[in-house]
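Structure, as structure tokens:
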Amino acid sequence: MTKISVQQLFIYPIKGLSVQKCDRVHLKIGYGIPGDRAFALMYRDVSVETLHCNVSWMNKQNFAMQNDWPGLAALDCSYDSATGTLTVKRKGIELLVADTNTSKGRDLISAFFTGYLAGIYPSQAARHPNRAPLQLVGEFGETRYPDREAVHISLVSQGTVDRLSELAGQAIDVRRFRPNIVVDGVPAWGEFDWVGQEMQLGSARILVTARINRCLNIDVNPETGERDIGLLSLLQKHFQHTQTGVLAQVISSGNVAIGDESYRRVVSNSV
């Protein structure tokens, strides 16, 4: 067994928007982390059976994403799960406070982000470059909109981020990779060795299933929304791949807290 430790924990209440730091998260079997990617900003030109809040999982091209609209990263979005309130700021200035539990509040959120997209530009490779009206969908703790239909969480080792910082000649913010869990105690890219293995995280257990192939989103500064470091090309140049971090599925529910010591054991060489 190899011992590691949990260094940071994150959720992303609204898909494509700001990270939220956590001291503790609950891992739920067959689900992932309740509250993570619970909401999404869906394009209204998407054909779905209902436009009520509980829209089923869809491919990420149906939602406003930071990879397509890097300017979304310039917004500081915080969600209060106790009240259902979303607060949006930019450079410290409050732009929106709205209640996700009411129709009025959800309409305000939808209108705000529709207007915001009208003032920024999509990336050249945007999957959905049209400035279609947006609608907030989802319900905290009930729905979830991860990038892949198979519900997963994501992990990355601090050693990998540190190595990339050395190659880039400057500190790399781990938020560029939008992980749920950052672990310490393993070398750079040591997380790749976990594929096909079970890990004990706090009182939960997960099965690591695959490496994560990265996109241009890792080039975006999570504070400014600008593409300022060519991390994707740096990965390709030095390692002939564009992968960092791993995906995992929860196979036994439990809680994970910062500082928890974790273990892994071999289950299979393929998943």
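So you can find residues: chains in the structure tokens are A, B, ... in the order shown, residues in each start at 1, and ligands are numbered from 1 in order.
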Within 9 Å of range 30-34 of chain A using only C-alpha atoms, minus same-chain residues under 5 positions, as a list in words: Ile11, Val25, Phe140, Gly141, Glu142, Thr143, Arg144, Ala150, Val151, His152, Ile153, Asn180, Ala248, Gln249, Val250, Ile251, Ser252 and Ser253 of chain A
Could the residues in this selection be saved with N, CA and C atoms as a CSV table (one decimal), in the first residue's frame?
```csv
chain,number,residue,atom,x,y,z
A,11,ILE,N,-15.4,21.9,-5.1
A,11,ILE,CA,-16.5,21.6,-5.9
A,11,ILE,C,-16.8,22.8,-6.8
A,25,VAL,N,-15.8,17.0,2.0
A,25,VAL,CA,-16.9,16.7,1.0
A,25,VAL,C,-17.4,15.2,1.3
A,140,PHE,N,-29.3,21.9,-6.5
A,140,PHE,CA,-28.1,21.6,-5.7
A,140,PHE,C,-28.4,20.3,-4.9
A,141,GLY,N,-27.4,19.4,-5.0
A,141,GLY,CA,-27.5,18.1,-4.3
A,141,GLY,C,-28.4,17.1,-5.0
A,142,GLU,N,-29.0,17.4,-6.1
A,142,GLU,CA,-29.9,16.5,-6.8
A,142,GLU,C,-29.4,16.2,-8.2
A,143,THR,N,-29.2,17.2,-9.0
A,143,THR,CA,-28.7,17.0,-10.4
A,143,THR,C,-27.2,17.1,-10.4
A,144,ARG,N,-26.6,16.7,-11.5
A,144,ARG,CA,-25.1,16.8,-11.7
A,144,ARG,C,-24.8,16.7,-13.2
A,150,ALA,N,-20.8,9.0,-17.5
A,150,ALA,CA,-20.5,8.1,-16.3
A,150,ALA,C,-20.0,9.0,-15.2
A,151,VAL,N,-20.8,9.0,-14.1
A,151,VAL,CA,-20.5,10.0,-13.0
A,151,VAL,C,-19.1,9.7,-12.4
A,152,HIS,N,-18.4,10.8,-12.3
A,152,HIS,CA,-17.0,10.6,-11.8
A,152,HIS,C,-16.6,11.8,-11.0
A,153,ILE,N,-15.4,11.7,-10.3
A,153,ILE,CA,-14.8,12.8,-9.7
A,153,ILE,C,-13.4,12.8,-10.3
A,180,ASN,N,-11.4,17.9,-8.3
A,180,ASN,CA,-12.2,17.8,-7.0
A,180,ASN,C,-11.2,17.6,-5.9
A,248,ALA,N,-12.2,9.1,-11.4
A,248,ALA,CA,-12.5,7.9,-10.5
A,248,ALA,C,-14.0,7.9,-10.3
A,249,GLN,N,-14.5,6.7,-10.0
A,249,GLN,CA,-15.9,6.5,-9.6
A,249,GLN,C,-15.9,6.1,-8.1
A,250,VAL,N,-16.9,6.5,-7.4
A,250,VAL,CA,-17.1,6.2,-6.0
A,250,VAL,C,-17.7,4.8,-5.9
A,251,ILE,N,-17.1,3.9,-5.2
A,251,ILE,CA,-17.6,2.6,-5.0
A,251,ILE,C,-18.1,2.3,-3.6
A,252,SER,N,-17.8,3.2,-2.7
A,252,SER,CA,-18.2,3.1,-1.3
A,252,SER,C,-18.4,4.5,-0.7
A,253,SER,N,-19.6,4.9,-0.3
A,253,SER,CA,-19.8,6.2,0.1
A,253,SER,C,-19.1,6.5,1.4
```
Compile the contact shell of Ala132 in chain A as a PDB file with N, CA, C and O atoms, in the first residue's frame: residues with an atom at most 8 Å away, counting only C-alpha atoms, same-chain residues fewer than 3 positions apart removed.
```pdb
ATOM      1  N   TYR A  43     -27.856  26.287 -23.136  1.00  0.00           N
ATOM      2  CA  TYR A  43     -28.289  27.096 -24.274  1.00  0.00           C
ATOM      3  C   TYR A  43     -29.763  26.822 -24.554  1.00  0.00           C
ATOM      4  O   TYR A  43     -30.179  25.663 -24.637  1.00  0.00           O
ATOM      5  N   ARG A  44     -30.541  27.867 -24.728  1.00  0.00           N
ATOM      6  CA  ARG A  44     -31.972  27.700 -24.951  1.00  0.00           C
ATOM      7  C   ARG A  44     -32.297  27.171 -26.346  1.00  0.00           C
ATOM      8  O   ARG A  44     -33.446  26.848 -26.635  1.00  0.00           O
ATOM      9  N   ASP A  45     -31.297  27.096 -27.228  1.00  0.00           N
ATOM     10  CA  ASP A  45     -31.561  26.517 -28.545  1.00  0.00           C
ATOM     11  C   ASP A  45     -31.369  25.001 -28.552  1.00  0.00           C
ATOM     12  O   ASP A  45     -31.449  24.360 -29.587  1.00  0.00           O
ATOM     13  N   THR A 114     -26.636  35.454 -19.945  1.00  0.00           N
ATOM     14  CA  THR A 114     -26.926  35.694 -21.357  1.00  0.00           C
ATOM     15  C   THR A 114     -26.323  37.034 -21.779  1.00  0.00           C
ATOM     16  O   THR A 114     -25.673  37.134 -22.831  1.00  0.00           O
TER      17      THR A 114
END
```
Residues of range 114-266 of chain A in alpha helix (DSSP H) according to DSSP, as a list in words? Thr114, Gly115, Tyr116, Leu117, Ala118, Gln158, Gly159, Thr160, Val161, Asp162, Arg163, Leu164, Ser165, Glu166, Leu167, Ala168, Leu231, Leu232, Ser233, Leu234, Leu235, Gln236, Lys237, His238 and Phe239 of chain A
With a distance cut-off of 9 Å and only C-alpha atoms, select the neighbouring residues of range 232-245 of chain A, excluding the residue or stretch itself and same-chain residues fewer than 4 positions from it, and output the selection as a list in words.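 Once the nearby chain positions are removed, what remains is Ser154, Leu155, Val156, Ser157, Thr160, Val161, Leu164, Leu167, Ala168, Phe177, Pro179, Trp189, Glu191, Phe192, Ala210, Arg211, Ile212, Asn213, Arg214, Cys215, Leu216, Asn217, Ile218 and Asp219 of chain A.
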With N, CA, C and O atoms retained, could you export that selection as a compact mmCIF listing (two decimals), in the first residue's frame?
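Final output, saved to part-v5.txt:
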```
# COMPACT_ATOMS: atom_id res chain seq x y z
N SER A 154 -12.64 13.91 -10.02
CA SER A 154 -11.30 14.04 -10.60
C SER A 154 -10.27 14.32 -9.50
O SER A 154 -10.56 15.00 -8.52
N LEU A 155 -9.07 13.78 -9.72
CA LEU A 155 -7.97 13.94 -8.78
C LEU A 155 -6.71 14.33 -9.55
O LEU A 155 -6.52 13.92 -10.70
N VAL A 156 -5.85 15.11 -8.91
CA VAL A 156 -4.54 15.42 -9.47
C VAL A 156 -3.54 15.49 -8.32
O VAL A 156 -3.90 15.84 -7.19
N SER A 157 -2.31 15.13 -8.60
CA SER A 157 -1.29 15.18 -7.55
C SER A 157 -0.60 16.54 -7.55
O SER A 157 -0.38 17.14 -8.61
N THR A 160 2.51 16.75 -9.73
CA THR A 160 2.34 17.05 -11.16
C THR A 160 2.29 18.56 -11.38
O THR A 160 2.93 19.09 -12.29
N VAL A 161 1.52 19.25 -10.54
CA VAL A 161 1.40 20.71 -10.67
C VAL A 161 2.74 21.39 -10.41
O VAL A 161 3.13 22.33 -11.11
N LEU A 164 4.99 21.00 -13.48
CA LEU A 164 4.58 21.91 -14.54
C LEU A 164 5.00 23.35 -14.22
O LEU A 164 5.37 24.11 -15.12
N LEU A 167 8.60 23.71 -15.23
CA LEU A 167 8.77 23.81 -16.68
C LEU A 167 8.28 25.14 -17.22
O LEU A 167 8.85 25.69 -18.17
N ALA A 168 7.21 25.68 -16.62
CA ALA A 168 6.66 26.95 -17.09
C ALA A 168 7.44 28.15 -16.56
O ALA A 168 7.30 29.26 -17.08
N PHE A 177 -6.85 23.17 -13.63
CA PHE A 177 -7.20 21.78 -13.95
C PHE A 177 -8.57 21.38 -13.40
O PHE A 177 -9.02 20.28 -13.64
N PRO A 179 -9.82 20.31 -10.54
CA PRO A 179 -9.96 19.01 -9.88
C PRO A 179 -10.95 19.07 -8.72
O PRO A 179 -11.27 20.15 -8.20
N TRP A 189 2.98 13.04 -12.04
CA TRP A 189 2.28 12.05 -12.88
C TRP A 189 2.19 10.67 -12.21
O TRP A 189 1.85 9.70 -12.85
N GLU A 191 -0.09 9.85 -10.33
CA GLU A 191 -1.51 9.48 -10.34
C GLU A 191 -1.87 8.57 -11.51
O GLU A 191 -2.86 7.84 -11.47
N PHE A 192 -1.05 8.60 -12.57
CA PHE A 192 -1.33 7.71 -13.71
C PHE A 192 -1.22 6.24 -13.30
O PHE A 192 -1.88 5.37 -13.89
N ALA A 210 -9.39 6.28 -15.35
CA ALA A 210 -8.75 6.77 -16.58
C ALA A 210 -7.94 8.03 -16.30
O ALA A 210 -8.20 8.76 -15.35
N ARG A 211 -6.97 8.27 -17.18
CA ARG A 211 -6.27 9.55 -17.18
C ARG A 211 -7.19 10.61 -17.79
O ARG A 211 -8.13 10.29 -18.50
N ILE A 212 -6.87 11.87 -17.52
CA ILE A 212 -7.67 12.96 -18.06
C ILE A 212 -6.93 13.63 -19.21
O ILE A 212 -5.81 14.13 -19.02
N ASN A 213 -7.54 13.62 -20.38
CA ASN A 213 -7.00 14.36 -21.52
C ASN A 213 -7.43 15.81 -21.42
O ASN A 213 -8.63 16.10 -21.30
N ARG A 214 -6.48 16.71 -21.48
CA ARG A 214 -6.76 18.12 -21.25
C ARG A 214 -7.08 18.87 -22.54
O ARG A 214 -6.73 18.44 -23.65
N CYS A 215 -7.75 20.02 -22.36
CA CYS A 215 -8.08 20.90 -23.47
C CYS A 215 -7.46 22.27 -23.20
O CYS A 215 -6.75 22.47 -22.21
N LEU A 216 -7.74 23.23 -24.07
CA LEU A 216 -7.14 24.56 -23.95
C LEU A 216 -7.58 25.31 -22.69
O LEU A 216 -7.03 26.37 -22.40
N ASN A 217 -8.53 24.77 -21.97
CA ASN A 217 -8.98 25.44 -20.75
C ASN A 217 -7.85 25.61 -19.74
O ASN A 217 -7.87 26.56 -18.94
N ILE A 218 -6.87 24.71 -19.76
CA ILE A 218 -5.78 24.83 -18.78
C ILE A 218 -4.87 26.03 -19.09
O ILE A 218 -4.05 26.43 -18.25
N ASP A 219 -5.00 26.60 -20.29
CA ASP A 219 -4.23 27.80 -20.63
C ASP A 219 -4.84 29.07 -20.03
O ASP A 219 -4.23 30.13 -20.05
```
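Restricting the calculation to only C-alpha atoms, the smallest distance between Ile258 in chain A and any of A:Ser123, A:Gln197, A:Thr209, A:Gln8 is found for A:Gln8.
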Range 176-228 of chain A near range 88-110 of chain A within 12 Å: what's each residue's closest atom pair and its distance in Å to one decimal, counting only C-alpha atoms, ordered by chain then ascending residue number, as CSV?
```
residue,atom,partner,partner_atom,distance
A:Glu223,CA,A:Lys91,CA,9.2
A:Thr224,CA,A:Lys91,CA,9.1
A:Gly225,CA,A:Arg90,CA,11.0
```
Residues of the last selection are to be written out with N, CA, C and O atoms, as a compact mmCIF listing (two decimals), in the first residue's frame.
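Result went into selection-v2.txt, see below:
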```txt
# COMPACT_ATOMS: atom_id res chain seq x y z
N GLU A 223 -8.08 33.66 -12.64
CA GLU A 223 -8.39 34.96 -12.04
C GLU A 223 -8.84 35.97 -13.08
O GLU A 223 -9.77 36.75 -12.84
N THR A 224 -8.19 35.97 -14.24
CA THR A 224 -8.43 37.02 -15.23
C THR A 224 -9.28 36.58 -16.42
O THR A 224 -9.84 37.41 -17.13
N GLY A 225 -9.34 35.27 -16.68
CA GLY A 225 -10.06 34.79 -17.84
C GLY A 225 -9.25 34.90 -19.13
O GLY A 225 -9.79 34.70 -20.21
```
Taking only C-alpha atoms into account, which of A:Gly202, A:Gly230, A:Pro133, A:Pro222 comes nearest Gly259 in chain A? A:Gly202
